[in-house]
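> Provided below: run_11.txt, containing compact mmCIF, C-alpha atoms and all ligand atoms.
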# COMPACT_ATOMS: atom_id res chain seq x y z
CA MET A 51 -14.18 49.95 85.18
CA SER A 52 -10.50 49.11 85.36
CA PHE A 53 -7.59 50.94 83.73
CA GLU A 54 -5.56 47.73 83.90
CA SER A 55 -8.03 45.48 82.12
CA GLU A 56 -7.09 43.63 78.95
CA PHE A 57 -10.77 43.69 78.04
CA ALA A 58 -11.49 46.63 75.75
CA ALA A 59 -15.12 46.98 76.80
CA GLU A 60 -14.13 47.34 80.48
CA LEU A 61 -12.30 50.57 79.72
CA ALA A 62 -13.80 54.05 79.61
CA TRP A 63 -13.66 55.38 76.09
CA PRO A 64 -10.90 57.99 76.58
CA GLU A 65 -8.54 55.32 77.97
CA TYR A 66 -9.51 52.90 75.21
CA TYR A 67 -8.96 55.58 72.58
CA ARG A 68 -5.62 56.58 74.09
CA ARG A 69 -4.42 53.04 73.65
CA VAL A 70 -5.74 52.26 70.17
CA LYS A 71 -5.73 55.51 68.19
CA ASN A 72 -2.21 55.04 66.81
CA GLY A 73 -3.02 51.54 65.60
CA ASP A 74 -0.08 49.90 67.41
CA VAL A 75 -2.02 47.91 70.02
CA PRO A 76 -3.22 44.57 68.67
CA ILE A 77 -6.91 43.95 69.28
CA LEU A 78 -7.93 40.30 69.64
CA ILE A 79 -11.48 39.24 68.80
CA PRO A 80 -12.48 35.82 70.21
CA PHE A 81 -15.00 33.98 68.02
CA GLY A 82 -17.03 31.13 69.51
CA SER A 83 -20.41 29.45 69.35
CA MET A 84 -23.27 28.26 71.52
CA GLU A 85 -23.00 24.53 70.94
CA GLN A 86 -23.62 21.37 72.91
CA HIS A 87 -20.42 19.80 74.23
CA GLY A 88 -21.70 16.49 75.58
CA HIS A 89 -23.13 15.73 79.01
CA HIS A 90 -20.10 16.94 80.95
CA MET A 91 -19.51 20.51 79.75
CA PRO A 92 -21.52 23.69 79.21
CA MET A 93 -22.49 25.08 75.82
CA ASN A 94 -20.11 28.05 75.93
CA VAL A 95 -16.84 26.10 75.74
CA ASP A 96 -16.07 27.53 72.29
CA VAL A 97 -16.44 31.05 73.74
CA LEU A 98 -14.58 30.57 77.04
CA LEU A 99 -11.46 28.96 75.55
CA PRO A 100 -10.58 31.46 72.78
CA THR A 101 -11.41 34.33 75.15
CA GLU A 102 -8.92 33.03 77.72
CA PHE A 103 -6.26 32.44 75.05
CA ALA A 104 -6.87 35.98 73.80
CA ARG A 105 -6.52 37.36 77.33
CA ARG A 106 -3.24 35.54 77.95
CA VAL A 107 -1.84 36.58 74.58
CA ALA A 108 -2.98 40.19 75.09
CA GLN A 109 -1.04 40.29 78.35
CA GLU A 110 2.10 39.14 76.54
CA VAL A 111 1.91 41.45 73.54
CA GLY A 112 0.28 44.47 75.19
CA GLY A 113 -2.98 43.93 73.31
CA LEU A 114 -6.66 44.34 74.07
CA VAL A 115 -9.42 41.71 73.95
CA ALA A 116 -12.67 42.66 72.22
CA PRO A 117 -15.99 41.27 73.46
CA PRO A 118 -16.28 37.73 72.08
CA PHE A 119 -18.78 36.57 69.49
CA THR A 120 -20.90 34.13 71.48
CA TYR A 121 -22.84 32.64 68.55
CA GLY A 122 -21.15 30.98 65.58
CA TYR A 123 -21.85 29.15 62.37
CA LYS A 124 -24.01 25.99 62.40
CA SER A 125 -22.54 22.92 64.02
CA HIS A 126 -21.42 20.40 61.42
CA GLN A 127 -22.07 16.75 62.13
CA LYS A 128 -18.49 15.61 61.56
CA SER A 129 -16.84 18.35 63.66
CA GLY A 130 -19.47 19.44 66.20
CA GLY A 131 -22.06 16.68 66.29
CA GLY A 132 -24.59 18.51 64.15
CA ASN A 133 -26.91 21.46 64.42
CA PHE A 134 -29.94 19.37 65.42
CA PHE A 135 -29.08 19.13 69.14
CA PRO A 136 -31.29 21.12 71.52
CA GLY A 137 -29.28 24.02 72.88
CA THR A 138 -26.97 24.44 69.91
CA THR A 139 -27.86 27.92 68.66
CA SER A 140 -26.25 29.14 65.46
CA LEU A 141 -26.08 31.93 62.95
CA ASP A 142 -26.64 31.69 59.23
CA GLY A 143 -23.38 32.21 57.36
CA ALA A 144 -24.56 35.55 55.97
CA SER A 145 -25.33 36.85 59.49
CA LEU A 146 -21.90 35.85 60.78
CA ILE A 147 -20.13 37.45 57.82
CA SER A 148 -22.16 40.62 58.12
CA SER A 149 -21.66 40.96 61.91
CA LEU A 150 -17.90 40.39 61.88
CA LYS A 151 -17.45 42.68 58.89
CA ASP A 152 -19.25 45.45 60.81
CA VAL A 153 -17.10 44.94 63.91
CA ILE A 154 -13.83 44.96 61.95
CA LYS A 155 -14.82 48.22 60.26
CA GLU A 156 -15.74 49.75 63.62
CA PHE A 157 -12.39 48.88 65.17
CA ALA A 158 -10.67 50.29 62.08
CA ARG A 159 -12.66 53.52 62.54
CA HIS A 160 -11.22 53.87 66.08
CA GLY A 161 -7.70 53.60 64.69
CA ASN A 162 -6.94 49.92 65.18
CA ARG A 163 -4.68 48.54 62.44
CA LYS A 164 -3.58 45.22 63.98
CA LEU A 165 -6.44 42.78 64.49
CA CYS A 166 -6.47 39.11 65.36
CA ILE A 167 -9.49 36.81 65.21
CA VAL A 168 -9.02 34.02 67.78
CA ASN A 169 -11.36 31.27 66.64
CA GLY A 170 -12.72 28.62 69.02
CA HIS A 171 -15.26 26.87 66.75
CA PHE A 172 -14.10 25.10 63.62
CA GLU A 173 -17.25 25.78 61.58
CA ASN A 174 -16.66 29.55 61.72
CA SER A 175 -13.47 29.37 59.70
CA TRP A 176 -14.51 30.21 56.13
CA PHE A 177 -17.13 32.72 57.22
CA ILE A 178 -14.47 34.58 59.21
CA SER A 179 -12.27 34.61 56.09
CA GLU A 180 -15.10 36.02 54.01
CA ALA A 181 -15.92 38.72 56.59
CA ILE A 182 -12.27 39.80 56.63
CA ASP A 183 -12.09 39.87 52.86
CA LEU A 184 -15.21 42.02 52.55
CA ALA A 185 -14.14 44.35 55.39
CA LEU A 186 -10.68 44.89 53.89
CA ARG A 187 -12.23 45.58 50.51
CA GLU A 188 -14.62 48.20 51.90
CA LEU A 189 -11.90 49.77 54.07
CA LYS A 190 -9.71 50.03 50.98
CA TRP A 191 -12.50 51.84 49.17
CA GLY A 192 -12.52 54.22 52.15
CA GLY A 193 -8.78 54.79 51.87
CA ILE A 194 -7.65 52.55 54.76
CA THR A 195 -5.05 50.13 53.39
CA GLU A 196 -2.47 49.73 56.16
CA ILE A 197 -4.57 47.29 58.21
CA LYS A 198 -3.50 43.70 58.93
CA ILE A 199 -5.73 40.94 60.28
CA VAL A 200 -4.40 37.64 61.58
CA VAL A 201 -6.91 34.81 61.83
CA LEU A 202 -6.15 31.64 63.75
CA SER A 203 -7.71 28.71 65.58
CA TYR A 204 -5.90 28.00 68.84
CA TRP A 205 -5.69 24.20 68.35
CA ASP A 206 -3.59 24.67 65.21
CA PHE A 207 -0.68 25.63 67.50
CA VAL A 208 -0.56 22.21 69.19
CA ASP A 209 2.71 20.69 67.93
CA GLN A 210 3.76 17.05 67.51
CA GLU A 211 5.60 17.03 70.83
CA ALA A 212 2.43 18.08 72.67
CA ILE A 213 0.29 15.65 70.66
CA ALA A 214 2.56 12.78 71.76
CA LYS A 215 2.00 13.74 75.42
CA LEU A 216 -1.73 14.36 75.03
CA TYR A 217 -2.59 11.27 73.02
CA PRO A 218 -0.20 8.47 74.03
CA ASN A 219 -2.51 5.91 72.41
CA GLY A 220 -2.66 7.72 69.07
CA PHE A 221 -4.21 10.94 67.76
CA LEU A 222 -7.42 10.69 65.74
CA GLY A 223 -7.56 14.23 64.32
CA TRP A 224 -8.96 17.57 65.43
CA ASP A 225 -12.27 17.11 63.64
CA ILE A 226 -13.52 14.47 66.10
CA GLU A 227 -12.02 16.23 69.12
CA HIS A 228 -15.39 17.87 69.77
CA GLY A 229 -15.95 17.67 73.54
CA GLY A 230 -12.98 15.30 73.81
CA VAL A 231 -9.54 15.41 75.43
CA LEU A 232 -8.48 18.83 74.04
CA GLU A 233 -11.43 20.95 75.13
CA THR A 234 -12.13 18.99 78.31
CA SER A 235 -8.50 19.25 79.50
CA LEU A 236 -8.47 23.00 78.94
CA MET A 237 -11.79 23.38 80.74
CA LEU A 238 -10.56 21.22 83.66
CA ARG A 239 -7.55 23.50 84.00
CA LEU A 240 -9.34 26.83 83.55
CA TYR A 241 -12.95 26.29 84.65
CA PRO A 242 -13.07 23.07 86.74
CA ASP A 243 -16.37 24.09 88.32
CA LEU A 244 -18.01 23.98 84.87
CA VAL A 245 -16.93 20.39 84.14
CA SER A 246 -18.48 17.24 85.59
CA LEU A 247 -16.29 14.46 84.29
CA GLN A 248 -18.41 11.85 86.06
CA ASP A 249 -21.23 12.71 83.62
CA ALA A 250 -19.00 12.21 80.57
CA VAL A 251 -20.08 9.34 78.34
CA GLU A 252 -17.37 6.94 77.22
CA HIS A 253 -17.77 5.87 73.60
CA PRO A 254 -15.57 4.83 70.69
CA PRO A 255 -14.41 7.64 68.37
CA ALA A 256 -17.13 8.67 65.93
CA SER A 257 -16.61 7.42 62.39
CA PHE A 258 -18.44 8.80 59.37
CA PRO A 259 -18.74 7.82 55.71
CA PRO A 260 -16.84 10.06 53.29
CA TYR A 261 -19.89 12.17 52.41
CA ASP A 262 -22.47 14.39 54.12
CA VAL A 263 -26.22 14.17 53.81
CA TYR A 264 -28.88 16.80 54.53
CA PRO A 265 -30.96 16.54 56.56
CA PRO A 266 -28.31 14.65 58.55
CA HIS A 267 -28.75 11.10 59.80
CA GLU A 268 -28.81 12.03 63.46
CA ASP A 269 -27.78 8.52 64.51
CA TRP A 270 -24.37 9.01 62.85
CA THR A 271 -23.46 11.21 65.85
CA PRO A 272 -22.91 9.50 69.24
CA SER A 273 -26.13 10.28 71.11
CA CYS A 274 -24.30 12.05 73.96
CA GLY A 275 -23.00 14.68 71.51
CA THR A 276 -19.23 14.30 71.86
CA LEU A 277 -17.28 12.82 68.93
CA SER A 278 -14.54 11.22 71.04
CA SER A 279 -14.34 10.23 74.68
CA PRO A 280 -13.12 12.87 77.16
CA LYS A 281 -12.18 10.23 79.74
CA GLU A 282 -8.43 10.72 79.22
CA ALA A 283 -8.70 14.48 79.80
CA SER A 284 -6.84 16.07 82.71
CA ALA A 285 -5.89 19.48 84.08
CA GLU A 286 -2.22 18.54 83.50
CA LYS A 287 -2.96 18.08 79.80
CA GLY A 288 -4.72 21.45 79.97
CA ASP A 289 -1.44 23.02 81.13
CA ILE A 290 0.43 21.51 78.17
CA LEU A 291 -2.19 22.94 75.80
CA LEU A 292 -2.26 26.37 77.43
CA ASP A 293 1.50 26.62 77.20
CA VAL A 294 2.00 25.47 73.62
CA CYS A 295 -0.94 27.41 72.17
CA THR A 296 -0.25 30.66 74.04
CA ARG A 297 3.44 30.58 73.06
CA GLY A 298 2.54 29.80 69.46
CA ILE A 299 -0.02 32.57 69.15
CA VAL A 300 2.29 35.13 70.80
CA GLY A 301 5.03 34.13 68.35
CA ALA A 302 2.68 34.47 65.39
CA LEU A 303 1.54 37.94 66.45
CA GLU A 304 5.08 39.13 67.12
CA HIS A 305 6.05 37.87 63.67
CA GLU A 306 3.12 39.53 61.91
CA PHE A 307 2.74 42.70 63.95
CA GLY A 308 6.33 43.22 65.03
CA ALA A 309 4.90 43.56 68.52
CA LYS A 310 7.49 43.72 71.26
CA VAL A 311 6.61 41.73 74.35
CA ARG A 312 5.71 44.42 76.81
CA THR A 313 5.87 44.39 80.57
CA LYS A 314 2.83 45.53 82.50
CA LEU A 315 4.82 48.60 83.51
CA ALA A 316 5.63 49.71 80.00
CA GLN A 317 2.10 49.02 78.87
CA PHE A 318 0.62 51.49 81.34
CA ALA A 319 3.44 54.04 81.46
ZN ZN A 401 -15.91 23.10 70.98
MN MN A 402 -17.49 23.96 68.21
Is it possible to express this structure as structure tokens?

Amino acid sequence: MSFESEFAAELAWPEYYRRVKNGDVPILIPFGSMEQHGHHMPMNVDVLLPTEFARRVAQEVGGLVAPPFTYGYKSHQKSGGGNFFPGTTSLDGASLISSLKDVIKEFARHGNRKLCIVNGHFENSWFISEAIDLALRELKWGGITEIKIVVLSYWDFVDQEAIAKLYPNGFLGWDIEHGGVLETSLMLRLYPDLVSLQDAVEHPPASFPPYDVYPPHEDWTPSCGTLSSPKEASAEKGDILLDVCTRGIVGALEHEFGAKVRTKLAQFA
């Protein structure tokens, strides 16, 4: 137990309650998945990355990080390789919506009024939106209307300047970044012991026809599971990504929540 932790669940309840009861402290909820990420990375990449962004942002804005969601919506072939890979372990949309809706209402019950969902897995996006919509509707029925929820995916804060540095040979789009330069660079910077670049499989970027088919043609996905090669990933690129995304998310939360950047001292005074 630590009084200085940014992680809400590491606090004893009186300290947690002291911080959140007025609704001023933003609470950040990382949302990930258990999903294959090729031969060179573990299956919790989509959990580790948004959790670390949430932690860094929480430090800047005086927020708290909720326990992450470690399962997400089913992997889609064109953005995550597909849900047929062994290891990839997913929720039905209804389960995701129901779980997140419950958690939002619980945090609202404690007094939290500024929430941020930090998404790390593209396929979660619309289910997160639906959970928020249903939670806000039910909270409104219960008389709670002054709540605001920001939802974001960290990669959306990568700007053109960063893209030019990250992809000098041209950028192919976030959808086929699965297990590629973006995630691998961040993992190399943050969790190098969990990456074995020598096991990465080099392959041309995945290309798909302009339709989906169910059950999927598994051979549309490169057999290693990544959708673009991670060979150009580096810890230095990870630094560029950490900087641009953290700054962008902090700016968004300050804009939406009016949160003043707090020093450690003020936060615990
Ligand atoms: Zn991922
Ligand atoms: Mn994913």
> Give me the residues near Thr271 of chain A as a list in words, where near means some atom within 10 Å (using all atoms listed in the file) and where sequence neighbours in that chain fewer than 6 positions away do not count.
Gln127, Lys128, Ser129, Gly130, Gly131, Gly132, Ala256, Ser257, Phe258 and Leu277 of chain A
> With all atoms listed in the file counted, collect every polymer residue having an atom within 12 Å of ligand ZN 401 (chain A); state the result as a PyMOL selection string.
chain A and resi 81-88+91-100+122+125-126+129-132+138+169-174+203-205+224-237+275-278
> Grab the atom CA of Leu114 of chain A to atom CA of Arg297 of chain A distance for me, in Å with one decimal place.
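The value is 17.1 Å.
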> I'd like the interatomic distance between atom CA of Lys71 of chain A and atom CA of His160 of chain A, to a tenth of an Å.
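Atom-to-atom, atom CA of Lys71 of chain A and atom CA of His160 of chain A are spaced 6.1 Å apart.
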> Restricting the calculation to only C-alpha atoms and all ligand atoms: of A:Trp176, A:Trp270, A:Phe307, A:Tyr121, which residue gets closest to ligand MN 402 (chain A)?
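Answer, going by the shortest atom-to-atom distance: A:Tyr121.
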> My list of candidates is A:Ile178, A:Leu244, A:Ala144, A:Asn133. Which is closest to ligand MN 402 (chain A) when distances are computed with all atoms listed in the file?
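Ranked by minimum distance to ligand MN 402 (chain A), first place goes to A:Asn133.
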> Measuring atom to atom with all atoms listed in the file, identify which of A:Val115, A:Val208, A:His89, A:Leu184 is nearest to Ala250 of chain A.
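Among A:Val115, A:Val208, A:His89, A:Leu184, it is A:His89 that comes nearest to Ala250 of chain A.
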> Which residue is closest to ligand MN 402 (chain A)? Choose from A:Tyr66, A:Lys198, A:His90, A:Lys124 and count only C-alpha atoms and all ligand atoms.
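Smallest distance to ligand MN 402 (chain A) is found for A:Lys124.
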> Find the residues around Ser145 of chain A up to 10 Å (only C-alpha atoms counted), leave out those fewer than 5 positions away in its own chain, and share them as a compact mmCIF listing (two decimals) with C-alpha atoms, keeping the file's coordinate frame.

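Final output, part-v9.txt:
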# COMPACT_ATOMS: atom_id res chain seq x y z
CA GLY A 122 -21.15 30.98 65.58
CA TYR A 123 -21.85 29.15 62.37
CA SER A 140 -26.25 29.14 65.46
CA LEU A 150 -17.90 40.39 61.88
CA LYS A 151 -17.45 42.68 58.89
CA PHE A 177 -17.13 32.72 57.22
> Find the residue from A:Asn72, A:Thr296, A:Thr120, A:Ser273 that sits nearest to Pro254 of chain A; use all atoms listed in the file when measuring.
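Smallest separation from Pro254 of chain A among the options: A:Ser273.
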> Compare A:Asn162, A:Thr139, A:Gln248, A:Thr195 by their minimum atom-to-atom distance to ligand MN 402 (chain A), counting all atoms listed in the file, and give me the closest one.
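Using all atoms listed in the file, the shortest distance to ligand MN 402 (chain A) belongs to A:Thr139.
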> How many Å lie between atom CA of Phe157 of chain A and atom CA of Gly308 of chain A, rounded to one decimal?
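These two atoms are separated by 19.6 Å.
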> Please enclose the listed atoms of segment 91-103 of chain A in an axis-aligned box, pad each side by 4 Å, and write out the centre and the three edge lengths in Å, rounded to one decimal, as JSON.

{"center_x": -14.4, "center_y": 27.4, "center_z": 76.0, "size_x": 24.2, "size_y": 21.8, "size_z": 15.5}
